[in-house]
file upload16.cif (mmCIF, C-alpha atoms)
data_upload
loop_
_atom_site.label_atom_id
_atom_site.label_comp_id
_atom_site.auth_asym_id
_atom_site.auth_seq_id
_atom_site.Cartn_x
_atom_site.Cartn_y
_atom_site.Cartn_z
CA MET A 1 -38.30 -73.63 -54.88
CA GLU A 2 -38.25 -70.18 -53.28
CA GLN A 3 -35.26 -68.95 -55.21
CA VAL A 4 -35.93 -68.77 -58.89
CA LYS A 5 -32.96 -68.53 -61.19
CA GLU A 6 -32.92 -65.85 -63.84
CA ASN A 7 -33.24 -68.29 -66.69
CA ILE A 8 -36.35 -69.94 -65.28
CA VAL A 9 -39.51 -68.03 -66.16
CA VAL A 10 -42.21 -67.72 -63.51
CA VAL A 11 -45.47 -67.97 -65.40
CA THR A 12 -48.88 -66.69 -64.33
CA PRO A 13 -52.28 -66.64 -66.02
CA ASP A 14 -51.34 -63.16 -67.32
CA ASN A 15 -48.15 -64.08 -69.14
CA PHE A 16 -48.91 -67.72 -69.97
CA GLN A 17 -50.08 -66.93 -73.51
CA ALA A 18 -46.96 -64.95 -74.39
CA GLU A 19 -44.37 -66.98 -72.48
CA VAL A 20 -45.63 -70.50 -73.16
CA LEU A 21 -48.21 -70.73 -75.93
CA GLU A 22 -46.56 -68.23 -78.27
CA CYS A 23 -42.99 -69.34 -77.56
CA GLU A 24 -41.05 -70.55 -80.58
CA LYS A 25 -38.91 -72.87 -78.47
CA PRO A 26 -40.18 -76.03 -76.80
CA VAL A 27 -41.36 -75.18 -73.27
CA LEU A 28 -41.39 -77.20 -70.05
CA VAL A 29 -43.82 -75.90 -67.44
CA THR A 30 -43.54 -77.37 -63.96
CA PHE A 31 -46.59 -76.88 -61.76
CA TYR A 32 -45.35 -76.68 -58.17
CA ALA A 33 -45.89 -75.44 -54.62
CA ASN A 34 -43.18 -73.98 -52.40
CA TRP A 35 -44.01 -76.10 -49.37
CA ASP A 36 -43.90 -79.43 -51.18
CA GLN A 37 -40.75 -81.45 -50.67
CA PRO A 38 -40.85 -83.37 -53.99
CA CYS A 39 -41.25 -79.99 -55.75
CA ARG A 40 -38.16 -78.67 -53.96
CA MET A 41 -36.24 -81.72 -55.05
CA GLN A 42 -37.35 -81.26 -58.67
CA GLN A 43 -35.67 -77.85 -58.77
CA PRO A 44 -32.03 -78.94 -59.44
CA ALA A 45 -33.05 -80.79 -62.61
CA LEU A 46 -34.96 -77.70 -63.83
CA ASP A 47 -31.97 -75.44 -63.04
CA SER A 48 -29.67 -77.77 -64.91
CA ILE A 49 -31.89 -77.86 -68.01
CA ALA A 50 -32.23 -74.07 -67.95
CA ASP A 51 -28.43 -73.71 -67.68
CA ARG A 52 -27.43 -76.27 -70.25
CA HIS A 53 -30.21 -76.19 -72.82
CA PRO A 54 -30.85 -72.67 -74.11
CA GLU A 55 -32.95 -74.23 -76.86
CA ILE A 56 -35.59 -75.11 -74.23
CA LYS A 57 -37.57 -72.62 -72.17
CA VAL A 58 -38.07 -73.71 -68.56
CA CYS A 59 -41.07 -72.27 -66.69
CA LYS A 60 -42.69 -72.70 -63.30
CA LEU A 61 -46.26 -72.09 -62.21
CA ASP A 62 -47.30 -71.87 -58.55
CA VAL A 63 -50.43 -74.02 -58.12
CA GLU A 64 -51.34 -72.45 -54.81
CA GLU A 65 -51.24 -68.88 -56.09
CA HIS A 66 -53.00 -69.80 -59.32
CA ALA A 67 -55.19 -72.70 -58.23
CA ALA A 68 -58.07 -72.09 -60.65
CA PHE A 69 -55.67 -71.69 -63.57
CA ALA A 70 -53.84 -74.92 -62.65
CA GLN A 71 -57.21 -76.66 -62.59
CA GLN A 72 -57.63 -75.83 -66.27
CA PHE A 73 -54.68 -78.15 -66.88
CA GLY A 74 -56.16 -80.84 -64.66
CA ILE A 75 -53.27 -80.64 -62.17
CA MET A 76 -53.99 -83.02 -59.28
CA MET A 77 -50.44 -83.95 -58.30
CA ILE A 78 -47.28 -81.93 -57.76
CA PRO A 79 -44.83 -81.59 -59.27
CA THR A 80 -46.45 -82.07 -62.67
CA THR A 81 -44.50 -81.03 -65.74
CA ILE A 82 -46.19 -80.38 -69.08
CA ALA A 83 -44.22 -80.01 -72.31
CA PHE A 84 -45.50 -77.54 -74.92
CA LYS A 85 -44.50 -77.23 -78.55
CA ASN A 86 -45.96 -74.50 -80.75
CA GLY A 87 -48.61 -73.77 -78.16
CA LYS A 88 -49.73 -77.38 -77.91
CA ARG A 89 -49.37 -79.77 -75.00
CA VAL A 90 -47.25 -82.69 -76.15
CA LYS A 91 -46.29 -84.61 -73.01
CA ARG A 92 -47.15 -84.66 -69.35
CA ALA A 93 -45.35 -86.19 -66.36
CA SER A 94 -46.88 -86.34 -62.89
CA GLY A 95 -44.41 -86.64 -60.03
CA LEU A 96 -40.71 -85.87 -59.69
CA ARG A 97 -38.74 -86.75 -62.80
CA LEU A 98 -35.04 -87.11 -63.55
CA GLU A 99 -33.43 -84.55 -65.83
CA HIS A 100 -33.09 -86.93 -68.80
CA VAL A 101 -36.77 -87.83 -68.54
CA LEU A 102 -37.79 -84.16 -68.59
CA LEU A 103 -35.51 -83.56 -71.58
CA SER A 104 -37.02 -86.50 -73.45
CA MET A 105 -40.44 -84.82 -73.17
CA VAL A 106 -39.41 -82.05 -75.57
CA GLU A 107 -37.28 -84.13 -77.95
CA MET B 108 -30.40 -89.46 -33.36
CA ASP B 109 -27.60 -89.69 -35.87
CA ILE B 110 -28.85 -92.37 -38.24
CA ILE B 111 -32.15 -94.21 -38.59
CA ILE B 112 -32.15 -97.30 -40.75
CA ILE B 113 -35.53 -98.45 -42.01
CA GLY B 114 -35.53 -102.23 -42.44
CA SER B 115 -33.59 -105.04 -40.81
CA GLY B 116 -32.70 -107.30 -43.74
CA PRO B 117 -29.13 -107.80 -44.97
CA ALA B 118 -28.93 -104.25 -46.38
CA GLY B 119 -30.24 -102.60 -43.21
CA VAL B 120 -28.15 -104.66 -40.81
CA SER B 121 -24.98 -104.20 -42.88
CA ALA B 122 -25.63 -100.45 -42.99
CA ALA B 123 -26.10 -100.50 -39.20
CA LEU B 124 -22.86 -102.45 -38.62
CA TYR B 125 -20.71 -100.18 -40.76
CA ALA B 126 -22.28 -96.95 -39.50
CA LYS B 127 -21.98 -98.06 -35.87
CA ARG B 128 -18.34 -99.07 -36.29
CA ALA B 129 -17.73 -95.67 -37.93
CA GLY B 130 -18.82 -94.10 -34.65
CA ALA B 131 -22.42 -93.10 -35.39
CA ASP B 132 -25.38 -93.58 -33.11
CA VAL B 133 -27.61 -95.99 -35.05
CA THR B 134 -31.24 -97.08 -34.63
CA VAL B 135 -32.95 -99.62 -36.84
CA ILE B 136 -36.73 -99.40 -37.22
CA THR B 137 -38.16 -102.64 -38.50
CA ARG B 138 -41.57 -104.19 -38.89
CA GLY B 139 -40.05 -107.67 -38.63
CA SER B 140 -39.01 -110.23 -41.18
CA GLY B 141 -38.72 -109.35 -44.84
CA ALA B 142 -37.95 -111.20 -48.05
CA LEU B 143 -34.88 -113.01 -46.64
CA ALA B 144 -36.85 -114.89 -43.97
CA LYS B 145 -38.91 -116.48 -46.74
CA ALA B 146 -35.84 -118.08 -48.35
CA GLU B 147 -35.80 -121.76 -47.48
CA LYS B 148 -32.14 -122.39 -48.10
CA ILE B 149 -29.19 -120.08 -48.77
CA GLU B 150 -26.11 -121.78 -50.17
CA ASN B 151 -24.62 -119.19 -52.49
CA TYR B 152 -23.42 -116.69 -49.89
CA TYR B 153 -19.78 -116.38 -48.86
CA GLY B 154 -18.57 -118.33 -45.84
CA LEU B 155 -21.35 -120.88 -45.42
CA ALA B 156 -19.97 -124.42 -45.03
CA GLU B 157 -23.53 -125.73 -44.90
CA PRO B 158 -26.70 -124.13 -46.27
CA VAL B 159 -28.72 -122.04 -43.81
CA THR B 160 -32.32 -120.86 -43.87
CA GLY B 161 -33.01 -117.24 -44.66
CA ALA B 162 -34.60 -116.84 -41.24
CA GLU B 163 -31.42 -118.09 -39.51
CA LEU B 164 -29.17 -115.78 -41.52
CA GLU B 165 -31.46 -112.85 -40.72
CA ALA B 166 -31.62 -113.65 -36.99
CA ASN B 167 -27.81 -114.01 -36.85
CA GLY B 168 -27.38 -110.69 -38.61
CA ILE B 169 -29.64 -108.89 -36.14
CA ALA B 170 -27.98 -110.57 -33.15
CA GLY B 171 -24.56 -109.48 -34.41
CA ALA B 172 -25.68 -105.88 -34.82
CA LYS B 173 -27.25 -105.84 -31.34
CA ARG B 174 -23.97 -107.15 -29.92
CA LEU B 175 -22.24 -104.09 -31.39
CA GLY B 176 -24.74 -101.77 -29.73
CA VAL B 177 -27.20 -101.02 -32.53
CA SER B 178 -30.72 -100.29 -31.18
CA PHE B 179 -33.70 -101.99 -32.79
CA ILE B 180 -37.25 -100.66 -32.60
CA GLU B 181 -40.12 -102.78 -33.86
CA ASP B 182 -42.54 -100.41 -35.53
CA GLU B 183 -44.00 -99.57 -38.91
CA VAL B 184 -42.77 -96.48 -40.73
CA VAL B 185 -45.69 -94.64 -42.33
CA GLY B 186 -44.11 -91.32 -43.24
CA LEU B 187 -40.79 -89.69 -44.12
CA ALA B 188 -40.24 -85.93 -44.39
CA MET B 189 -37.66 -83.18 -43.96
CA ASN B 190 -37.76 -81.26 -40.67
CA ASP B 191 -38.97 -77.66 -40.68
CA ASP B 192 -35.59 -76.04 -41.32
CA PHE B 193 -34.47 -78.76 -43.78
CA THR B 194 -31.53 -79.78 -41.60
CA GLY B 195 -32.65 -83.30 -40.83
CA LEU B 196 -35.10 -86.04 -41.64
CA VAL B 197 -38.25 -86.99 -39.76
CA VAL B 198 -39.40 -90.60 -39.61
CA GLN B 199 -43.03 -91.16 -38.61
CA THR B 200 -44.55 -94.33 -37.18
CA PRO B 201 -48.14 -94.63 -35.91
CA GLY B 202 -47.01 -93.88 -32.37
CA ARG B 203 -43.91 -91.73 -32.65
CA THR B 204 -41.93 -89.21 -34.65
CA CYS B 205 -38.13 -89.50 -34.66
CA GLU B 206 -35.67 -87.06 -36.13
CA ALA B 207 -32.30 -88.12 -37.55
CA LYS B 208 -29.43 -86.46 -39.38
CA ALA B 209 -29.42 -89.29 -41.93
CA VAL B 210 -31.78 -92.10 -42.94
CA VAL B 211 -31.01 -95.29 -44.85
CA LEU B 212 -33.98 -96.87 -46.65
CA THR B 213 -33.60 -100.64 -46.79
CA ALA B 214 -37.20 -101.77 -46.53
CA GLY B 215 -37.11 -103.97 -49.61
CA SER B 216 -38.71 -103.64 -53.00
CA THR B 217 -42.27 -102.46 -53.39
CA ARG B 218 -44.94 -104.82 -54.50
CA LEU B 219 -46.57 -103.64 -57.65
CA ALA B 220 -49.93 -101.94 -57.27
CA PRO B 221 -52.89 -104.25 -57.93
CA LYS B 222 -53.99 -104.51 -61.53
CA ILE B 223 -57.15 -102.47 -61.20
CA PRO B 224 -58.17 -101.01 -64.57
CA GLY B 225 -57.65 -97.24 -64.55
CA LEU B 226 -55.26 -97.16 -61.60
CA LYS B 227 -52.07 -96.67 -63.59
CA GLU B 228 -53.68 -94.68 -66.40
CA LEU B 229 -55.16 -92.12 -63.98
CA GLU B 230 -51.99 -91.46 -61.96
CA GLY B 231 -51.74 -87.68 -61.57
CA LYS B 232 -55.37 -87.37 -62.70
CA GLY B 233 -56.89 -88.24 -59.35
CA VAL B 234 -54.80 -91.28 -58.45
CA SER B 235 -52.01 -90.30 -56.05
CA TYR B 236 -49.38 -92.01 -53.91
CA CYS B 237 -48.69 -89.18 -51.46
CA ALA B 238 -51.36 -87.56 -49.28
CA ILE B 239 -49.04 -84.93 -47.81
CA CYS B 240 -48.03 -83.79 -51.33
CA ASP B 241 -51.42 -83.75 -52.99
CA ALA B 242 -54.09 -83.29 -50.27
CA PHE B 243 -54.19 -79.62 -51.30
CA PHE B 244 -55.99 -80.51 -54.55
CA TYR B 245 -58.85 -82.24 -52.74
CA ARG B 246 -60.21 -79.40 -50.59
CA GLN B 247 -63.92 -80.02 -50.04
CA LYS B 248 -63.83 -83.08 -52.28
CA THR B 249 -64.62 -86.74 -51.72
CA VAL B 250 -61.55 -88.94 -51.62
CA ALA B 251 -60.80 -92.61 -51.11
CA VAL B 252 -57.71 -94.28 -49.70
CA LEU B 253 -56.90 -97.77 -50.96
CA GLY B 254 -55.43 -99.87 -48.15
CA GLU B 255 -56.16 -101.64 -44.89
CA GLY B 256 -53.49 -100.90 -42.29
CA ASP B 257 -51.60 -98.20 -40.42
CA TYR B 258 -50.16 -96.75 -43.61
CA ALA B 259 -53.62 -96.27 -45.15
CA LEU B 260 -54.93 -94.78 -41.90
CA HIS B 261 -51.98 -92.35 -41.79
CA GLU B 262 -52.75 -91.18 -45.35
CA ALA B 263 -56.49 -90.91 -44.56
CA GLU B 264 -55.77 -88.79 -41.47
CA ILE B 265 -53.69 -86.37 -43.55
CA LEU B 266 -56.63 -85.99 -45.94
CA LEU B 267 -59.32 -85.50 -43.26
CA PRO B 268 -58.79 -81.76 -42.63
CA HIS B 269 -58.85 -81.02 -46.37
CA ALA B 270 -61.43 -83.29 -47.95
CA SER B 271 -65.16 -83.11 -47.29
CA ARG B 272 -65.36 -86.90 -47.04
CA VAL B 273 -62.68 -89.57 -46.64
CA MET B 274 -63.36 -93.23 -47.38
CA LEU B 275 -61.13 -96.24 -46.88
CA PHE B 276 -61.41 -98.98 -49.50
CA THR B 277 -59.79 -102.17 -48.22
CA ASN B 278 -60.25 -104.01 -51.53
CA GLY B 279 -61.65 -107.20 -50.00
CA LYS B 280 -59.49 -107.19 -46.86
CA GLU B 281 -60.34 -106.68 -43.21
CA PRO B 282 -58.81 -103.51 -41.72
CA THR B 283 -55.79 -104.42 -39.58
CA VAL B 284 -56.14 -101.31 -37.39
CA LYS B 285 -59.03 -99.53 -35.72
CA ILE B 286 -60.49 -97.00 -38.13
CA PRO B 287 -62.06 -93.89 -36.51
CA ASP B 288 -65.71 -93.12 -37.25
CA THR B 289 -64.75 -90.06 -39.31
CA ILE B 290 -63.49 -92.40 -42.04
CA GLU B 291 -66.01 -94.55 -43.91
CA VAL B 292 -64.84 -98.10 -44.48
CA HIS B 293 -65.75 -99.98 -47.67
CA LYS B 294 -64.61 -103.59 -47.83
CA ASP B 295 -65.76 -104.48 -51.35
CA LYS B 296 -63.23 -105.32 -54.04
CA ILE B 297 -62.64 -102.53 -56.52
CA ILE B 298 -62.92 -103.68 -60.12
CA ALA B 299 -62.24 -100.35 -61.85
CA VAL B 300 -61.30 -96.74 -61.25
CA GLU B 301 -63.84 -94.73 -63.23
CA ALA B 302 -63.04 -91.45 -64.95
CA GLU B 303 -64.98 -88.61 -66.51
CA ASN B 304 -63.87 -86.32 -69.25
CA THR B 305 -64.35 -82.59 -68.79
CA ASN B 306 -62.94 -80.09 -71.28
CA GLY B 307 -60.79 -82.80 -72.82
CA MET B 308 -59.25 -83.77 -69.49
CA GLU B 309 -59.72 -87.11 -67.82
CA ARG B 310 -60.23 -87.18 -64.08
CA VAL B 311 -61.11 -89.82 -61.52
CA SER B 312 -64.85 -89.78 -60.87
CA GLY B 313 -65.52 -92.90 -58.80
CA LEU B 314 -64.73 -96.45 -57.82
CA ARG B 315 -66.62 -99.39 -59.28
CA THR B 316 -66.90 -102.31 -56.88
CA GLU B 317 -67.73 -105.98 -57.46
CA ASP B 318 -71.45 -105.51 -56.86
CA GLY B 319 -71.52 -103.14 -59.84
CA THR B 320 -72.07 -99.92 -57.91
CA VAL B 321 -69.93 -96.85 -58.49
CA THR B 322 -69.07 -94.82 -55.39
CA PRO B 323 -68.32 -91.24 -56.45
CA ALA B 324 -64.82 -90.00 -55.50
CA GLN B 325 -62.59 -87.34 -57.02
CA GLY B 326 -59.36 -88.81 -55.68
CA LEU B 327 -57.83 -92.17 -54.87
CA PHE B 328 -54.72 -92.41 -52.67
CA VAL B 329 -52.93 -95.75 -52.88
CA ALA B 330 -51.58 -96.98 -49.52
CA LEU B 331 -51.84 -100.76 -49.56
CA GLY B 332 -50.19 -102.87 -46.87
CA THR B 333 -47.13 -101.19 -45.42
CA ALA B 334 -45.23 -98.27 -46.95
CA GLY B 335 -42.35 -99.65 -48.99
CA SER B 336 -39.01 -97.94 -49.53
CA VAL B 337 -40.18 -96.47 -52.83
CA ASP B 338 -43.39 -95.11 -51.28
CA LEU B 339 -41.36 -93.37 -48.57
CA ALA B 340 -38.81 -92.10 -51.11
CA ARG B 341 -41.56 -90.52 -53.21
CA LYS B 342 -42.97 -88.60 -50.25
CA ILE B 343 -39.70 -86.86 -49.53
CA GLY B 344 -38.84 -86.19 -53.18
CA ALA B 345 -36.19 -88.85 -53.76
CA ALA B 346 -35.97 -89.69 -57.43
CA THR B 347 -37.36 -93.07 -58.44
CA ASP B 348 -37.31 -94.81 -61.78
CA ASN B 349 -39.46 -97.85 -62.58
CA ASN B 350 -40.12 -98.58 -58.91
CA ARG B 351 -36.43 -98.35 -58.00
CA ILE B 352 -34.83 -95.62 -55.92
CA VAL B 353 -32.17 -93.77 -57.89
CA VAL B 354 -28.82 -93.70 -56.02
CA ASP B 355 -25.23 -92.70 -56.77
CA GLY B 356 -22.05 -94.70 -56.07
CA GLU B 357 -22.30 -93.92 -52.34
CA MET B 358 -25.93 -95.11 -52.26
CA ALA B 359 -27.00 -91.48 -51.74
CA THR B 360 -30.34 -90.32 -53.15
CA ASN B 361 -30.90 -86.77 -54.41
CA VAL B 362 -32.25 -85.83 -50.94
CA PRO B 363 -29.43 -84.69 -48.62
CA GLY B 364 -28.93 -87.25 -45.84
CA LEU B 365 -31.11 -89.93 -47.45
CA TYR B 366 -29.50 -93.18 -48.59
CA ALA B 367 -30.99 -96.40 -49.97
CA ALA B 368 -29.66 -99.94 -50.23
CA GLY B 369 -30.76 -103.47 -51.09
CA ASP B 370 -33.72 -104.62 -53.16
CA CYS B 371 -35.23 -101.11 -53.33
CA THR B 372 -32.43 -99.89 -55.61
CA GLY B 373 -33.06 -102.62 -58.20
CA GLY B 374 -30.55 -105.06 -59.71
CA LEU B 375 -29.77 -108.46 -58.20
CA LEU B 376 -32.19 -109.42 -55.44
CA GLN B 377 -29.42 -111.18 -53.53
CA VAL B 378 -28.02 -111.06 -50.00
CA VAL B 379 -24.51 -110.34 -51.25
CA LYS B 380 -25.65 -107.26 -53.18
CA ALA B 381 -27.81 -106.02 -50.29
CA ALA B 382 -24.93 -106.48 -47.82
CA TYR B 383 -22.50 -104.60 -50.07
CA GLU B 384 -24.88 -101.73 -50.66
CA GLY B 385 -25.76 -101.58 -46.98
CA ALA B 386 -22.06 -101.32 -46.08
CA VAL B 387 -21.52 -98.48 -48.56
CA ALA B 388 -24.67 -96.66 -47.43
CA GLY B 389 -23.79 -97.07 -43.72
CA LEU B 390 -20.30 -95.65 -44.23
CA ALA B 391 -21.57 -92.80 -46.40
CA ALA B 392 -24.33 -91.94 -43.90
CA ALA B 393 -21.81 -91.93 -41.02
CA LYS B 394 -19.50 -89.67 -43.02
CA TYR B 395 -22.44 -87.35 -43.78
CA VAL B 396 -23.38 -87.18 -40.08
CA ARG B 397 -19.75 -86.35 -39.12
CA SER B 398 -19.71 -83.55 -41.70
CA ARG B 399 -22.80 -82.01 -40.07
CA LYS B 400 -21.42 -81.95 -36.51
#
call {"tool": "encode", "arguments": {"input": "upload16.cif", "output": "C-alpha cells"}}
result
Amino acid sequence: MEQVKENIVVVTPDNFQAEVLECEKPVLVTFYANWDQPCRMQQPALDSIADRHPEIKVCKLDVEEHAAFAQQFGIMMIPTTIAFKNGKRVKRASGLRLEHVLLSMVE
Amino acid sequence: MDIIIIGSGPAGVSAALYAKRAGADVTVITRGSGALAKAEKIENYYGLAEPVTGAELEANGIAGAKRLGVSFIEDEVVGLAMNDDFTGLVVQTPGRTCEAKAVVLTAGSTRLAPKIPGLKELEGKGVSYCAICDAFFYRQKTVAVLGEGDYALHEAEILLPHASRVMLFTNGKEPTVKIPDTIEVHKDKIIAVEAENTNGMERVSGLRTEDGTVTPAQGLFVALGTAGSVDLARKIGAATDNNRIVVDGEMATNVPGLYAAGDCTGGLLQVVKAAYEGAVAGLAAAKYVRSRK
C-alpha cells in the first residue's frame, strides 16, 4: 500500500472530521499497515472502487502511524474497513474483502 | 524451488503431475492422508472397472507422481507469506522454511470453527485468525491462542515478542507438541468468549471455561488442529468468501503466484472436480514460473 493513488484520500486524525465525518458522499475508510500482506492485497479493490465509483469516497488510515486514533474505532485486525454515511458508521468489515462486498457496505 | 504444492490429495497430485510434465521442478508438502483416504468405496470416478477404496486411489496417485519425479515431503505447513522483495512465496513448517516461485494450495476444506458463543461475533474485535497480521494490536496485552498442535505453537511464538503474556487454550485436548515454558497451557474447555463494552465498542475481555472461571485476555487467536488452505490463504491476503478461496478460471488467487484447487475452492467435494482443478492449477503455475525465468 505504499503508493497511494490520487483519488484515494489518506486520512489522519487532523483531517478525519472534514474528509470523513463531514463528507456528503458515502465514505469507505480502510485501516491498514504498509507491512501487512493482506492489506497490500486489499489495495486493488480500493483502487478499482476509487476509479469506477466517483459517488463513493475511498480513504485509508495508517494504524501504525495513528495507533491511538485507530483504537478509538476499536481496530484489532487489519485490514478493517468501516463505511460512513453522513458522519455515522454504518457497516464494518474485518479482514480482506472483495470489491463487491466493500461496495455493498455503502449501498 | 519452482512450485510447492501443499496437500497430496487428488487436487495436489494432479497439480504435481501436470506441473512436472510441463517442465517445472515440483515438491509436494503433505501431512499425510486427507478426506479421500476416509472414503470407503469410490465407484463414480472415470476408468474404474471395480470400486476402489479412497486410500488405494490416493496411494496410487502418489505412487504415480513419484514415478514421474515429483518430490514429497511429509511435514505440516504452519505459515505462508511473500518473501521480502515480493518476488516469491515462503512456505513455513515447524522445522523449515522453503521458498518457491509458485504455490498451489490443495490442503482440503477447512473445518468450521467450534461453536463457542462469542467467537464469530467478536471476529475483528479481539478474535483473530492471523498472528502475523494482527500481533501489532496486542503489544503488552494478554492474549490466548486456541489450539493444541504445531500450528497453534507457531501462532503463539509470533505473539510472544509483542504480548505481555501468551496462553494456549487447548479446549479439552492434550497438546500434541511440546509447549515451551514461556507459554501457559490451559486445558479446560472454553464455553464462551467474554466481551466488555467501552465507549460503545465491544472487545474481547476474557475466556470463560467449564469450571465457570473467566481468564482475562484481550485477544484470542484461533489455530485449531492444522492450518487449512483457507487459514493459509488468509495470512497471505488471498481473498476468501464463506470459507472458500476465491479463484479465477486458471485457479489463480489474487496473490501473484498463488493457486488453489480442490475442496478449498468450494463446489462439488468430488475427486473428479479436484483432479480437474489440480490439472488447471498445475499448468497455470508452471506457466507462471516460466514467465518469471
call {"tool": "interface_residues", "arguments": {"input": "upload16.cif", "of": "chain A", "to": "chain B", "cutoff": "10 Å", "atoms": "only C-alpha atoms", "output": "JSON list (two decimals) with C-alpha atoms, in the coordinates of the input"}}
result
[["chain", "number", "residue", "atom", "x", "y", "z"],
["A", 33, "ALA", "CA", -45.89, -75.44, -54.62],
["A", 35, "TRP", "CA", -44.01, -76.10, -49.37],
["A", 36, "ASP", "CA", -43.90, -79.43, -51.18],
["A", 37, "GLN", "CA", -40.75, -81.45, -50.67],
["A", 38, "PRO", "CA", -40.85, -83.37, -53.99],
["A", 39, "CYS", "CA", -41.25, -79.99, -55.75],
["A", 40, "ARG", "CA", -38.16, -78.67, -53.96],
["A", 41, "MET", "CA", -36.24, -81.72, -55.05],
["A", 42, "GLN", "CA", -37.35, -81.26, -58.67],
["A", 44, "PRO", "CA", -32.03, -78.94, -59.44],
["A", 63, "VAL", "CA", -50.43, -74.02, -58.12],
["A", 64, "GLU", "CA", -51.34, -72.45, -54.81],
["A", 67, "ALA", "CA", -55.19, -72.70, -58.23],
["A", 71, "GLN", "CA", -57.21, -76.66, -62.59],
["A", 72, "GLN", "CA", -57.63, -75.83, -66.27],
["A", 73, "PHE", "CA", -54.68, -78.15, -66.88],
["A", 74, "GLY", "CA", -56.16, -80.84, -64.66],
["A", 75, "ILE", "CA", -53.27, -80.64, -62.17],
["A", 76, "MET", "CA", -53.99, -83.02, -59.28],
["A", 77, "MET", "CA", -50.44, -83.95, -58.30],
["A", 78, "ILE", "CA", -47.28, -81.93, -57.76],
["A", 79, "PRO", "CA", -44.83, -81.59, -59.27],
["A", 80, "THR", "CA", -46.45, -82.07, -62.67],
["A", 92, "ARG", "CA", -47.15, -84.66, -69.35],
["A", 93, "ALA", "CA", -45.35, -86.19, -66.36],
["A", 94, "SER", "CA", -46.88, -86.34, -62.89],
["A", 95, "GLY", "CA", -44.41, -86.64, -60.03],
["A", 96, "LEU", "CA", -40.71, -85.87, -59.69],
["A", 97, "ARG", "CA", -38.74, -86.75, -62.80],
["A", 98, "LEU", "CA", -35.04, -87.11, -63.55],
["A", 101, "VAL", "CA", -36.77, -87.83, -68.54]]
call {"tool": "atom_distance", "arguments": {"input": "upload16.cif", "atom1": "atom CA of B:Gly225", "atom2": "atom CA of B:Val321"}}
result
13.7 Å
call {"tool": "atom_distance", "arguments": {"input": "upload16.cif", "atom1": "atom CA of B:Asp132", "atom2": "atom CA of B:Ile110"}}
result
6.3 Å
call {"tool": "residues_near_point", "arguments": {"input": "upload16.cif", "point": "(-34.0, -69.1, -63.5)", "cutoff": "7 Å", "atoms": "only C-alpha atoms", "output": "VMD selection string"}}
result
chain A and resid 4 to 9 47 50
call {"tool": "write_last_selection", "arguments": {"input": "upload16.cif", "atoms": "C-alpha atoms", "output": "CSV table (one decimal), in the coordinates of the input"}}
result
chain,number,residue,atom,x,y,z
A,4,VAL,CA,-35.9,-68.8,-58.9
A,5,LYS,CA,-33.0,-68.5,-61.2
A,6,GLU,CA,-32.9,-65.8,-63.8
A,7,ASN,CA,-33.2,-68.3,-66.7
A,8,ILE,CA,-36.4,-69.9,-65.3
A,9,VAL,CA,-39.5,-68.0,-66.2
A,47,ASP,CA,-32.0,-75.4,-63.0
A,50,ALA,CA,-32.2,-74.1,-68.0
call {"tool": "resolve_selection", "arguments": {"input": "upload16.cif", "expression": "the PyMOL selection byres ((chain A and resi 61) around 8)", "output": "PDB file with C-alpha atoms, in the coordinates of the input"}}
result
ATOM      1  CA  VAL A  10     -42.210 -67.720 -63.510  1.00  0.00           C
ATOM      2  CA  VAL A  11     -45.470 -67.970 -65.400  1.00  0.00           C
ATOM      3  CA  THR A  12     -48.880 -66.690 -64.330  1.00  0.00           C
ATOM      4  CA  VAL A  29     -43.820 -75.900 -67.440  1.00  0.00           C
ATOM      5  CA  THR A  30     -43.540 -77.370 -63.960  1.00  0.00           C
ATOM      6  CA  PHE A  31     -46.590 -76.880 -61.760  1.00  0.00           C
ATOM      7  CA  TYR A  32     -45.350 -76.680 -58.170  1.00  0.00           C
ATOM      8  CA  CYS A  59     -41.070 -72.270 -66.690  1.00  0.00           C
ATOM      9  CA  LYS A  60     -42.690 -72.700 -63.300  1.00  0.00           C
ATOM     10  CA  ASP A  62     -47.300 -71.870 -58.550  1.00  0.00           C
ATOM     11  CA  VAL A  63     -50.430 -74.020 -58.120  1.00  0.00           C
ATOM     12  CA  HIS A  66     -53.000 -69.800 -59.320  1.00  0.00           C
TER      13      HIS A  66
END
call {"tool": "residues_around", "arguments": {"input": "upload16.cif", "residues": "stretch 160-165 of chain B", "least_positions_apart": "3", "cutoff": "12 Å", "atoms": "only C-alpha atoms", "output": "compact mmCIF listing (two decimals) with C-alpha atoms, keeping the file's coordinate frame"}}
result
# COMPACT_ATOMS: atom_id res chain seq x y z
CA GLY B 114 -35.53 -102.23 -42.44
CA SER B 115 -33.59 -105.04 -40.81
CA GLY B 116 -32.70 -107.30 -43.74
CA PRO B 117 -29.13 -107.80 -44.97
CA ALA B 118 -28.93 -104.25 -46.38
CA GLY B 119 -30.24 -102.60 -43.21
CA VAL B 120 -28.15 -104.66 -40.81
CA SER B 121 -24.98 -104.20 -42.88
CA GLY B 139 -40.05 -107.67 -38.63
CA SER B 140 -39.01 -110.23 -41.18
CA GLY B 141 -38.72 -109.35 -44.84
CA ALA B 142 -37.95 -111.20 -48.05
CA LEU B 143 -34.88 -113.01 -46.64
CA ALA B 144 -36.85 -114.89 -43.97
CA LYS B 145 -38.91 -116.48 -46.74
CA ALA B 146 -35.84 -118.08 -48.35
CA GLU B 147 -35.80 -121.76 -47.48
CA LYS B 148 -32.14 -122.39 -48.10
CA ILE B 149 -29.19 -120.08 -48.77
CA GLU B 150 -26.11 -121.78 -50.17
CA ASN B 151 -24.62 -119.19 -52.49
CA TYR B 152 -23.42 -116.69 -49.89
CA TYR B 153 -19.78 -116.38 -48.86
CA GLY B 154 -18.57 -118.33 -45.84
CA LEU B 155 -21.35 -120.88 -45.42
CA GLU B 157 -23.53 -125.73 -44.90
CA GLY B 168 -27.38 -110.69 -38.61
CA ILE B 169 -29.64 -108.89 -36.14
CA ALA B 170 -27.98 -110.57 -33.15
CA GLY B 171 -24.56 -109.48 -34.41
CA ALA B 172 -25.68 -105.88 -34.82
CA GLN B 377 -29.42 -111.18 -53.53
CA VAL B 378 -28.02 -111.06 -50.00
CA ALA B 382 -24.93 -106.48 -47.82
call {"tool": "resolve_selection", "arguments": {"input": "upload16.cif", "expression": "the PyMOL selection byres ((chain B and resi 176-187) around 6)", "output": "VMD selection string"}}
result
chain B and resid 133 to 138 172 to 175 188 197 to 200 258 334 339
